[in-house]
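Next comes start.cif, with mmCIF, C-alpha atoms.
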data_protein
#
loop_
_atom_site.group_PDB
_atom_site.id
_atom_site.type_symbol
_atom_site.label_atom_id
_atom_site.label_comp_id
_atom_site.auth_asym_id
_atom_site.auth_seq_id
_atom_site.Cartn_x
_atom_site.Cartn_y
_atom_site.Cartn_z
ATOM 1 C CA MET O 4 -28.456 -7.377 -26.119
ATOM 2 C CA SER O 5 -28.780 -6.133 -22.527
ATOM 3 C CA ASN O 6 -25.964 -6.281 -20.026
ATOM 4 C CA ARG O 7 -25.848 -9.197 -17.599
ATOM 5 C CA ALA O 8 -25.026 -8.837 -13.904
ATOM 6 C CA LEU O 9 -24.145 -11.574 -11.436
ATOM 7 C CA GLY O 10 -24.475 -10.991 -7.689
ATOM 8 C CA ILE O 11 -22.585 -13.239 -5.266
ATOM 9 C CA TYR O 12 -23.737 -13.563 -1.662
ATOM 10 C CA ARG O 13 -21.203 -13.479 1.164
ATOM 11 C CA GLU O 14 -20.244 -16.780 2.764
ATOM 12 C CA PRO O 15 -22.171 -17.198 6.065
ATOM 13 C CA GLU O 16 -18.953 -17.825 7.990
ATOM 14 C CA PHE O 17 -17.725 -14.359 6.992
ATOM 15 C CA SER O 18 -21.030 -12.720 7.903
ATOM 16 C CA PRO O 19 -21.519 -13.426 11.638
ATOM 17 C CA GLY O 20 -24.906 -12.130 12.725
ATOM 18 C CA LYS O 21 -25.372 -10.259 9.443
ATOM 19 C CA VAL O 22 -26.298 -12.921 6.891
ATOM 20 C CA GLU O 23 -29.716 -11.392 6.218
ATOM 21 C CA ALA O 24 -28.443 -7.790 6.237
ATOM 22 C CA ASP O 25 -25.619 -8.599 3.830
ATOM 23 C CA ALA O 26 -28.002 -10.416 1.505
ATOM 24 C CA ALA O 27 -30.455 -7.512 1.686
ATOM 25 C CA ILE O 28 -28.054 -4.886 0.320
ATOM 26 C CA LEU O 29 -27.039 -7.172 -2.549
ATOM 27 C CA ASP O 30 -30.685 -7.945 -3.368
ATOM 28 C CA ALA O 31 -31.549 -4.235 -3.253
ATOM 29 C CA THR O 32 -28.660 -3.377 -5.589
ATOM 30 C CA MET O 33 -29.604 -6.108 -8.037
ATOM 31 C CA ALA O 34 -33.205 -4.845 -8.029
ATOM 32 C CA GLU O 35 -31.958 -1.362 -8.938
ATOM 33 C CA LEU O 36 -29.937 -2.813 -11.826
ATOM 34 C CA LYS O 37 -32.970 -4.743 -13.033
ATOM 35 C CA ARG O 38 -34.975 -1.509 -13.097
ATOM 36 C CA GLU O 39 -32.282 -0.117 -15.385
ATOM 37 C CA GLY O 40 -32.772 -2.973 -17.844
ATOM 38 C CA VAL O 41 -29.857 -5.140 -16.717
ATOM 39 C CA GLU O 42 -30.375 -8.912 -16.695
ATOM 40 C CA ILE O 43 -29.641 -10.143 -13.173
ATOM 41 C CA GLN O 44 -28.745 -13.407 -11.481
ATOM 42 C CA THR O 45 -27.603 -14.161 -7.927
ATOM 43 C CA VAL O 46 -25.644 -17.118 -6.621
ATOM 44 C CA ASP O 47 -24.054 -18.268 -3.369
ATOM 45 C CA ALA O 48 -20.269 -18.159 -3.022
ATOM 46 C CA ILE O 49 -19.814 -21.940 -2.998
ATOM 47 C CA SER O 50 -21.663 -22.378 -6.280
ATOM 48 C CA PHE O 51 -19.734 -19.477 -7.802
ATOM 49 C CA ALA O 52 -16.393 -20.926 -6.720
ATOM 50 C CA SER O 53 -17.218 -24.354 -8.177
ATOM 51 C CA GLY O 54 -16.113 -23.144 -11.582
ATOM 52 C CA SER O 55 -19.385 -23.521 -13.474
ATOM 53 C CA PRO O 56 -19.575 -21.350 -16.624
ATOM 54 C CA ILE O 57 -20.183 -17.656 -15.955
ATOM 55 C CA ARG O 58 -21.826 -15.311 -18.450
ATOM 56 C CA ALA O 59 -21.753 -11.805 -16.998
ATOM 57 C CA ASP O 60 -20.639 -8.337 -18.014
ATOM 58 C CA LEU O 61 -20.815 -7.141 -14.422
ATOM 59 C CA VAL O 62 -20.123 -9.012 -11.172
ATOM 60 C CA LEU O 63 -21.197 -7.729 -7.774
ATOM 61 C CA PRO O 64 -19.374 -9.957 -5.257
ATOM 62 C CA MET O 65 -19.749 -9.885 -1.505
ATOM 63 C CA CYS O 66 -17.739 -13.123 -1.197
ATOM 64 C CA GLN O 67 -14.488 -13.053 0.781
ATOM 65 C CA GLY O 68 -13.130 -16.616 0.854
ATOM 66 C CA PRO O 69 -9.962 -17.611 -1.054
ATOM 67 C CA ARG O 70 -11.705 -20.040 -3.434
ATOM 68 C CA ALA O 71 -14.348 -17.523 -4.452
ATOM 69 C CA LEU O 72 -11.763 -14.754 -4.864
ATOM 70 C CA LYS O 73 -9.646 -16.969 -7.098
ATOM 71 C CA ARG O 74 -12.678 -17.636 -9.276
ATOM 72 C CA LEU O 75 -13.583 -13.941 -9.270
ATOM 73 C CA ALA O 76 -10.121 -13.006 -10.521
ATOM 74 C CA GLU O 77 -10.561 -15.448 -13.405
ATOM 75 C CA VAL O 78 -13.934 -13.935 -14.326
ATOM 76 C CA GLU O 79 -12.389 -10.452 -14.257
ATOM 77 C CA GLN O 80 -9.564 -11.592 -16.508
ATOM 78 C CA ALA O 81 -12.198 -12.807 -18.956
ATOM 79 C CA GLY O 82 -13.519 -9.250 -19.205
ATOM 80 C CA ALA O 83 -16.173 -8.762 -16.502
ATOM 81 C CA ILE O 84 -16.314 -5.582 -14.416
ATOM 82 C CA ALA O 85 -16.370 -6.342 -10.679
ATOM 83 C CA ILE O 86 -17.592 -4.198 -7.808
ATOM 84 C CA ASN O 87 -15.481 -4.939 -5.805
ATOM 85 C CA SER O 88 -12.541 -6.625 -7.539
ATOM 86 C CA ALA O 89 -10.890 -9.739 -6.141
ATOM 87 C CA LEU O 90 -7.727 -7.780 -5.405
ATOM 88 C CA SER O 91 -9.543 -5.010 -3.554
ATOM 89 C CA ILE O 92 -11.422 -7.543 -1.407
ATOM 90 C CA ARG O 93 -8.140 -9.284 -0.571
ATOM 91 C CA ASN O 94 -6.680 -5.867 0.283
ATOM 92 C CA CYS O 95 -9.136 -5.689 3.177
ATOM 93 C CA TYR O 96 -7.601 -8.703 4.905
ATOM 94 C CA ARG O 97 -5.726 -7.232 7.864
ATOM 95 C CA ASP O 98 -2.275 -8.232 6.639
ATOM 96 C CA LEU O 99 -2.729 -5.973 3.582
ATOM 97 C CA LEU O 100 -5.136 -3.416 5.034
ATOM 98 C CA ALA O 101 -2.660 -1.565 7.255
ATOM 99 C CA PRO O 102 -0.082 -1.095 4.465
ATOM 100 C CA GLY O 103 -2.896 0.028 2.171
ATOM 101 C CA LEU O 104 -4.084 2.699 4.607
ATOM 102 C CA GLU O 105 -0.504 3.869 5.103
ATOM 103 C CA ARG O 106 -0.083 4.036 1.317
ATOM 104 C CA ALA O 107 -3.167 6.247 1.137
ATOM 105 C CA GLY O 108 -1.648 8.623 3.673
ATOM 106 C CA VAL O 109 -4.768 8.748 5.829
ATOM 107 C CA PRO O 110 -4.767 9.165 9.624
ATOM 108 C CA THR O 111 -4.628 5.671 11.146
ATOM 109 C CA PRO O 112 -3.237 4.333 14.441
ATOM 110 C CA ALA O 113 0.188 2.721 14.587
ATOM 111 C CA GLY O 114 0.113 -1.069 14.389
ATOM 112 C CA VAL O 115 2.155 -4.157 13.640
ATOM 113 C CA LEU O 116 1.435 -7.620 12.226
ATOM 114 C CA ILE O 117 2.911 -10.433 14.325
ATOM 115 C CA ALA O 118 2.804 -14.230 14.321
ATOM 116 C CA ALA O 119 0.401 -15.651 16.896
ATOM 117 C CA GLU O 120 2.084 -19.061 17.067
ATOM 118 C CA ALA O 121 5.669 -17.876 17.593
ATOM 119 C CA PRO O 122 7.161 -16.496 20.825
ATOM 120 C CA LEU O 123 6.422 -12.797 21.087
ATOM 121 C CA ASP O 124 9.299 -10.626 19.876
ATOM 122 C CA VAL O 125 8.814 -7.566 22.060
ATOM 123 C CA ARG O 126 10.995 -5.510 19.703
ATOM 124 C CA LYS O 127 8.169 -5.573 17.162
ATOM 125 C CA LEU O 128 5.982 -3.723 19.649
ATOM 126 C CA ALA O 129 8.551 -0.966 20.204
ATOM 127 C CA GLY O 130 6.508 1.565 18.258
ATOM 128 C CA LEU O 131 3.425 1.027 20.429
ATOM 129 C CA ASP O 132 2.550 2.383 23.873
ATOM 130 C CA LEU O 133 1.273 -0.760 25.620
ATOM 131 C CA PRO O 134 0.284 0.923 28.930
ATOM 132 C CA ALA O 135 -1.916 3.324 26.923
ATOM 133 C CA GLY O 136 -3.783 0.329 25.524
ATOM 134 C CA VAL O 137 -3.714 -1.647 22.299
ATOM 135 C CA PHE O 138 -6.204 -3.818 20.451
ATOM 136 C CA VAL O 139 -5.067 -7.263 19.368
ATOM 137 C CA LYS O 140 -7.053 -8.252 16.270
ATOM 138 C CA ARG O 141 -7.005 -11.426 14.221
ATOM 139 C CA GLY O 142 -4.533 -10.772 11.442
ATOM 140 C CA ASP O 143 -6.377 -12.232 8.476
ATOM 141 C CA MET O 144 -10.088 -11.469 8.178
ATOM 142 C CA HIS O 145 -12.199 -8.918 9.998
ATOM 143 C CA ALA O 146 -13.594 -10.058 13.342
ATOM 144 C CA LEU O 147 -15.695 -13.214 12.980
ATOM 145 C CA ALA O 148 -16.333 -13.571 16.726
ATOM 146 C CA PRO O 149 -16.229 -11.164 19.702
ATOM 147 C CA GLU O 150 -12.923 -12.631 20.922
ATOM 148 C CA ASP O 151 -11.255 -11.824 17.573
ATOM 149 C CA VAL O 152 -10.618 -8.285 18.867
ATOM 150 C CA GLN O 153 -9.309 -7.968 22.419
ATOM 151 C CA ARG O 154 -7.810 -5.098 24.400
ATOM 152 C CA ALA O 155 -4.465 -5.378 26.186
ATOM 153 C CA SER O 156 -2.341 -2.976 28.232
ATOM 154 C CA ASP O 157 0.861 -4.933 28.823
ATOM 155 C CA ARG O 158 2.994 -7.705 27.345
ATOM 156 C CA VAL O 159 1.451 -10.407 29.557
ATOM 157 C CA GLU O 160 -2.030 -9.625 28.229
ATOM 158 C CA VAL O 161 -0.779 -9.522 24.637
ATOM 159 C CA ASP O 162 0.880 -12.925 25.144
ATOM 160 C CA ALA O 163 -2.340 -14.412 26.534
ATOM 161 C CA ILE O 164 -4.384 -13.150 23.590
ATOM 162 C CA LEU O 165 -1.846 -14.487 21.099
ATOM 163 C CA GLU O 166 -2.002 -17.895 22.791
ATOM 164 C CA ASP O 167 -5.791 -17.817 22.501
ATOM 165 C CA PHE O 168 -5.532 -16.934 18.801
ATOM 166 C CA ALA O 169 -3.058 -19.761 18.193
ATOM 167 C CA ARG O 170 -5.337 -22.271 19.958
ATOM 168 C CA ARG O 171 -8.162 -21.224 17.651
ATOM 169 C CA GLY O 172 -6.011 -21.626 14.535
ATOM 170 C CA ILE O 173 -5.445 -17.919 13.887
ATOM 171 C CA ARG O 174 -1.858 -17.650 12.664
ATOM 172 C CA PHE O 175 -1.351 -13.889 12.725
ATOM 173 C CA ALA O 176 -2.488 -10.960 14.836
ATOM 174 C CA TYR O 177 -2.543 -7.233 14.178
ATOM 175 C CA VAL O 178 -1.696 -5.177 17.259
ATOM 176 C CA GLN O 179 -3.104 -1.660 16.903
ATOM 177 C CA GLN O 180 -2.666 1.316 19.202
ATOM 178 C CA GLU O 181 -5.876 2.316 20.948
ATOM 179 C CA VAL O 182 -7.296 5.724 20.075
ATOM 180 C CA VAL O 183 -9.602 7.355 22.601
ATOM 181 C CA GLY O 184 -12.667 9.160 21.290
ATOM 182 C CA ARG O 185 -16.039 8.705 19.622
ATOM 183 C CA VAL O 186 -16.376 5.726 17.290
ATOM 184 C CA ILE O 187 -18.102 6.684 14.038
ATOM 185 C CA LYS O 188 -19.234 4.272 11.348
ATOM 186 C CA PHE O 189 -19.082 5.444 7.753
ATOM 187 C CA TYR O 190 -20.193 4.132 4.352
ATOM 188 C CA GLY O 191 -19.162 5.106 0.841
ATOM 189 C CA VAL O 192 -19.473 4.305 -2.860
ATOM 190 C CA GLY O 193 -16.898 5.157 -5.542
ATOM 191 C CA GLY O 194 -17.158 8.136 -7.842
ATOM 192 C CA ASN O 195 -18.471 10.295 -4.970
ATOM 193 C CA SER O 196 -21.771 8.458 -5.415
ATOM 194 C CA HIS O 197 -22.445 8.174 -1.687
ATOM 195 C CA PHE O 198 -20.874 8.996 1.652
ATOM 196 C CA SER O 199 -22.526 9.026 5.056
ATOM 197 C CA VAL O 200 -21.445 8.961 8.697
ATOM 198 C CA HIS O 201 -23.326 7.328 11.546
ATOM 199 C CA PRO O 202 -22.288 8.358 15.048
ATOM 200 C CA GLU O 203 -23.796 6.625 18.063
ATOM 201 C CA ASP O 204 -24.363 9.910 19.894
ATOM 202 C CA GLU O 205 -24.398 13.562 18.823
ATOM 203 C CA GLU O 206 -23.959 14.725 15.262
ATOM 204 C CA VAL O 207 -20.531 15.148 13.683
ATOM 205 C CA ALA O 208 -19.442 18.630 12.646
ATOM 206 C CA GLU O 209 -19.688 19.305 8.916
ATOM 207 C CA ALA O 210 -15.974 20.053 8.619
ATOM 208 C CA ALA O 211 -15.076 16.712 10.224
ATOM 209 C CA VAL O 212 -17.475 14.875 7.912
ATOM 210 C CA ARG O 213 -15.884 16.537 4.901
ATOM 211 C CA GLU O 214 -12.345 15.657 6.008
ATOM 212 C CA LEU O 215 -13.321 12.081 6.843
ATOM 213 C CA SER O 216 -15.030 11.744 3.456
ATOM 214 C CA GLU O 217 -11.861 12.836 1.669
ATOM 215 C CA ALA O 218 -9.659 10.514 3.731
ATOM 216 C CA ALA O 219 -11.997 7.545 3.350
ATOM 217 C CA SER O 220 -12.232 8.097 -0.404
ATOM 218 C CA SER O 221 -8.429 8.183 -0.617
ATOM 219 C CA ALA O 222 -8.235 4.948 1.361
ATOM 220 C CA ALA O 223 -10.841 3.273 -0.840
ATOM 221 C CA SER O 224 -8.933 4.345 -3.947
ATOM 222 C CA ALA O 225 -5.655 2.972 -2.556
ATOM 223 C CA LEU O 226 -7.351 -0.326 -1.723
ATOM 224 C CA GLY O 227 -9.203 -0.436 -5.058
ATOM 225 C CA LEU O 228 -12.690 -0.477 -3.541
ATOM 226 C CA GLU O 229 -15.938 0.806 -5.056
ATOM 227 C CA ALA O 230 -18.370 -0.158 -2.254
ATOM 228 C CA TRP O 231 -16.928 0.229 1.214
ATOM 229 C CA GLY O 232 -17.350 1.158 4.847
ATOM 230 C CA GLY O 233 -15.372 1.411 8.028
ATOM 231 C CA ASP O 234 -14.903 2.877 11.471
ATOM 232 C CA ALA O 235 -13.125 6.007 12.620
ATOM 233 C CA VAL O 236 -12.428 7.451 16.055
ATOM 234 C CA LEU O 237 -13.067 11.176 16.418
ATOM 235 C CA SER O 238 -11.133 13.030 19.134
ATOM 236 C CA GLY O 239 -12.046 16.710 19.160
ATOM 237 C CA ASP O 240 -11.540 17.873 15.586
ATOM 238 C CA ARG O 241 -9.125 15.049 14.710
ATOM 239 C CA PHE O 242 -9.919 11.524 13.576
ATOM 240 C CA ALA O 243 -8.205 8.223 12.860
ATOM 241 C CA ILE O 244 -9.516 5.440 10.634
ATOM 242 C CA ILE O 245 -9.303 2.208 12.633
ATOM 243 C CA ASP O 246 -10.973 -0.228 10.239
ATOM 244 C CA PHE O 247 -12.016 -0.493 6.588
ATOM 245 C CA ASN O 248 -14.245 -3.096 4.934
ATOM 246 C CA ASP O 249 -15.230 -4.195 1.448
ATOM 247 C CA TRP O 250 -18.966 -3.918 0.769
ATOM 248 C CA PRO O 251 -20.583 -3.719 4.244
ATOM 249 C CA SER O 252 -24.293 -4.270 4.836
ATOM 250 C CA PHE O 253 -25.113 -0.525 4.573
ATOM 251 C CA SER O 254 -27.941 -1.336 6.996
ATOM 252 C CA ARG O 255 -28.610 2.271 7.988
ATOM 253 C CA VAL O 256 -28.712 3.584 4.403
ATOM 254 C CA ARG O 257 -29.614 0.501 2.380
ATOM 255 C CA GLY O 258 -31.889 2.180 -0.164
ATOM 256 C CA PRO O 259 -29.627 5.128 -1.040
ATOM 257 C CA ALA O 260 -26.553 2.893 -1.038
ATOM 258 C CA ALA O 261 -28.138 0.334 -3.364
ATOM 259 C CA ARG O 262 -29.057 3.079 -5.833
ATOM 260 C CA ALA O 263 -25.557 4.553 -5.618
ATOM 261 C CA ILE O 264 -23.849 1.193 -6.176
ATOM 262 C CA ALA O 265 -26.099 0.447 -9.151
ATOM 263 C CA ARG O 266 -25.378 3.861 -10.682
ATOM 264 C CA ARG O 267 -21.659 3.394 -10.159
ATOM 265 C CA ALA O 268 -21.788 -0.098 -11.680
ATOM 266 C CA ILE O 269 -23.584 1.133 -14.802
ATOM 267 C CA SER O 270 -21.127 4.015 -15.117
ATOM 268 C CA LEU O 271 -18.095 1.700 -14.934
ATOM 269 C CA LEU O 272 -19.720 -0.713 -17.342
ATOM 270 C CA GLY O 273 -20.272 2.087 -19.823
ATOM 271 C CA ARG O 274 -16.644 3.188 -19.611
ATOM 272 C CA SER O 275 -15.410 -0.295 -20.415
ATOM 273 C CA ARG O 276 -17.384 -0.555 -23.646
#
So that I can check it, write out the structure of this file as C-alpha cells.
Amino acid sequence: MSNRALGIYREPEFSPGKVEADAAILDATMAELKREGVEIQTVDAISFASGSPIRADLVLPMCQGPRALKRLAEVEQAGAIAINSALSIRNCYRDLLAPGLERAGVPTPAGVLIAAEAPLDVRKLAGLDLPAGVFVKRGDMHALAPEDVQRASDRVEVDAILEDFARRGIRFAYVQQEVVGRVIKFYGVGGNSHFSVHPEDEEVAEAAVRELSEAASSAASALGLEAWGGDAVLSGDRFAIIDFNDWPSFSRVRGPAARAIARRAISLLGRSR
C-alpha cells in the first residue's frame, strides 16, 4: 500500500496578499510527492479543523490558526508525520519566537513582549535604545496588515502604537530594537535540503551566506521547523535574524523548494517506518 499525504492550505486571514502564492508552493510540493508514488489529497484549514476522519501517513500543513493546530496535534499523536508540526508552527507566534531564537543562540536584536492593553511599564523597555529606533510588532502572529509593524523612537510613539493595537484587539506587542543594514530574505528546508538568500540589491558574500545558513538552520532546529524562511539584516560582515516563519511561499524558488520539501518528507517518512 502506498503512503498517503494530506496537504492543508493556509487560512486566507493568515495569508494577506499571498493566498495564491501560498497555495502554489503547497500544490507544487504535493505534485512532487505524487510523482514519487504518494497518494495525495488537499483540504482547506476549516475543513481539516472540523474533525472529520483523517487517513494520512504524512501531513503537510500551512495552517496557522488555533483550531487547525489543535487538530493537527491530534493527527500527529495518531502517528502521522507533519511538516511542519503543530508545535513548531505555534513556536513561530511572536510570543514564543523570540525565546526560541535566543535558545538557538543565533544573532537576533534585543526585544521584549509587553501587554498592549495595560499601561506601559517603561522598566520593561530598559534594555532597548528607544532613540535609536525600535519596531513595535503585533505580539501573536506575523504581520497581517501594514500597521501590524510600526517604527517608534520614543515612549510617546510606543504608547500610541500600543493604543492602536489595543483598539484593534491585539493584546500583546513585541518591541524589537531596530538594526540598520541590508534586509535579506532567506528560505530553507530541513536536512540541508535547501537554503537560499534573496537580497534586494547586490549579492551577499559567500562567507556571510554560509554563516547565515548555519544560524538559520540552528534556529529552525530549535523551533522544530522543516520548511521555513525569514528575514535578516546584514551590516558589513555581521547579521541579525529579525524574523522567522513556518513554511513561507518560497515564491522566488518555488520549484527547487517544492522538490526539497518532498524529498525531506519522504526521508522523514522512511525513518518513521
What separation in Å, quoted to one decimal, exists between CA of Arg126 in chain O and CA of Val109 in chain O?
->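 Calculated distance between CA of Arg126 in chain O and CA of Val109 in chain O is 25.4 Å.
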Name the residues that the PyMOL selection byres ((chain O and resi 136) around 10) picks from the file above, as a PyMOL selection string, using the file's chain letters and numbers.
-> chain O and resi 131-135+137-139+154-157+179-183
Which polymer residues have any atom within 12 Å of an atom of Gly172 in chain O, counting all atoms listed in the file, with same-chain residues fewer than 3 positions away left out, as a PyMOL selection string?
-> chain O and resi 118-120+141-143+151+165-169+175-176
Within 6 Å of range 75-91 of chain O using only C-alpha atoms, minus same-chain residues under 5 positions, as a ChimeraX atom specification = /O:60-63,226-229
Write out as number ranges by chain the residues lying within 9 Å of range 44-55 of chain O, counting only C-alpha atoms and excluding same-chain residues fewer than 2 positions away.
-> O: 7-14, 29-30, 33, 42, 57, 64-68, 70-75
Residues matched by the PyMOL selection byres ((chain O and resi 198-207) around 7) as number ranges by chain = O: 186-192, 197, 208-209, 211-212, 216
Is it possible to get the axis-aligned box enclosing range 258-269 of chain O (all listed atoms, 8 Å extra per side) as JSON, with centre and edge lengths in Å rounded to one decimal?
{"center_x": -26.8, "center_y": 2.5, "center_z": -7.5, "size_x": 26.2, "size_y": 21.2, "size_z": 30.6}
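Residue nearest Val256 in chain O within the list O:Gly232, O:Thr111, O:Glu105, O:Ala222: O:Gly232 [criterion: smallest interatomic distance, only C-alpha atoms].
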Find the residue from O:Tyr177, O:Gly193, O:Glu150, O:Pro112 that sits nearest to Leu99 in chain O; use all atoms listed in the file when measuring.
->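 Among the listed residues, O:Tyr177 lies closest to Leu99 in chain O.
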May I ask for the distance between CA of Arg185 in chain O and CA of Ala218 in chain O, given in Å to one decimal place?
-> 17.2 Å
Residue with smallest distance to Gly233 in chain O - pool O:Ser220, O:Phe247, O:Asn94, O:Val125, counting only C-alpha atoms |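 Using only C-alpha atoms, Gly233 in chain O sits closest to O:Phe247.
Here CA of Ala148 in chain O stands at a distance of 7.3 Å from CA of Pro19 in chain O.
Nearest-residue note for Leu271 in chain O: choosing from O:Gly194, O:Ala31, O:Pro102, O:Phe17, the minimum distance belongs to O:Gly194, counting only C-alpha atoms.
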Could you tell me which of O:Arg106, O:Lys21, O:Lys140, O:Arg262 comes closest to Val161 in chain O if we count all atoms listed in the file?
-> O:Lys140
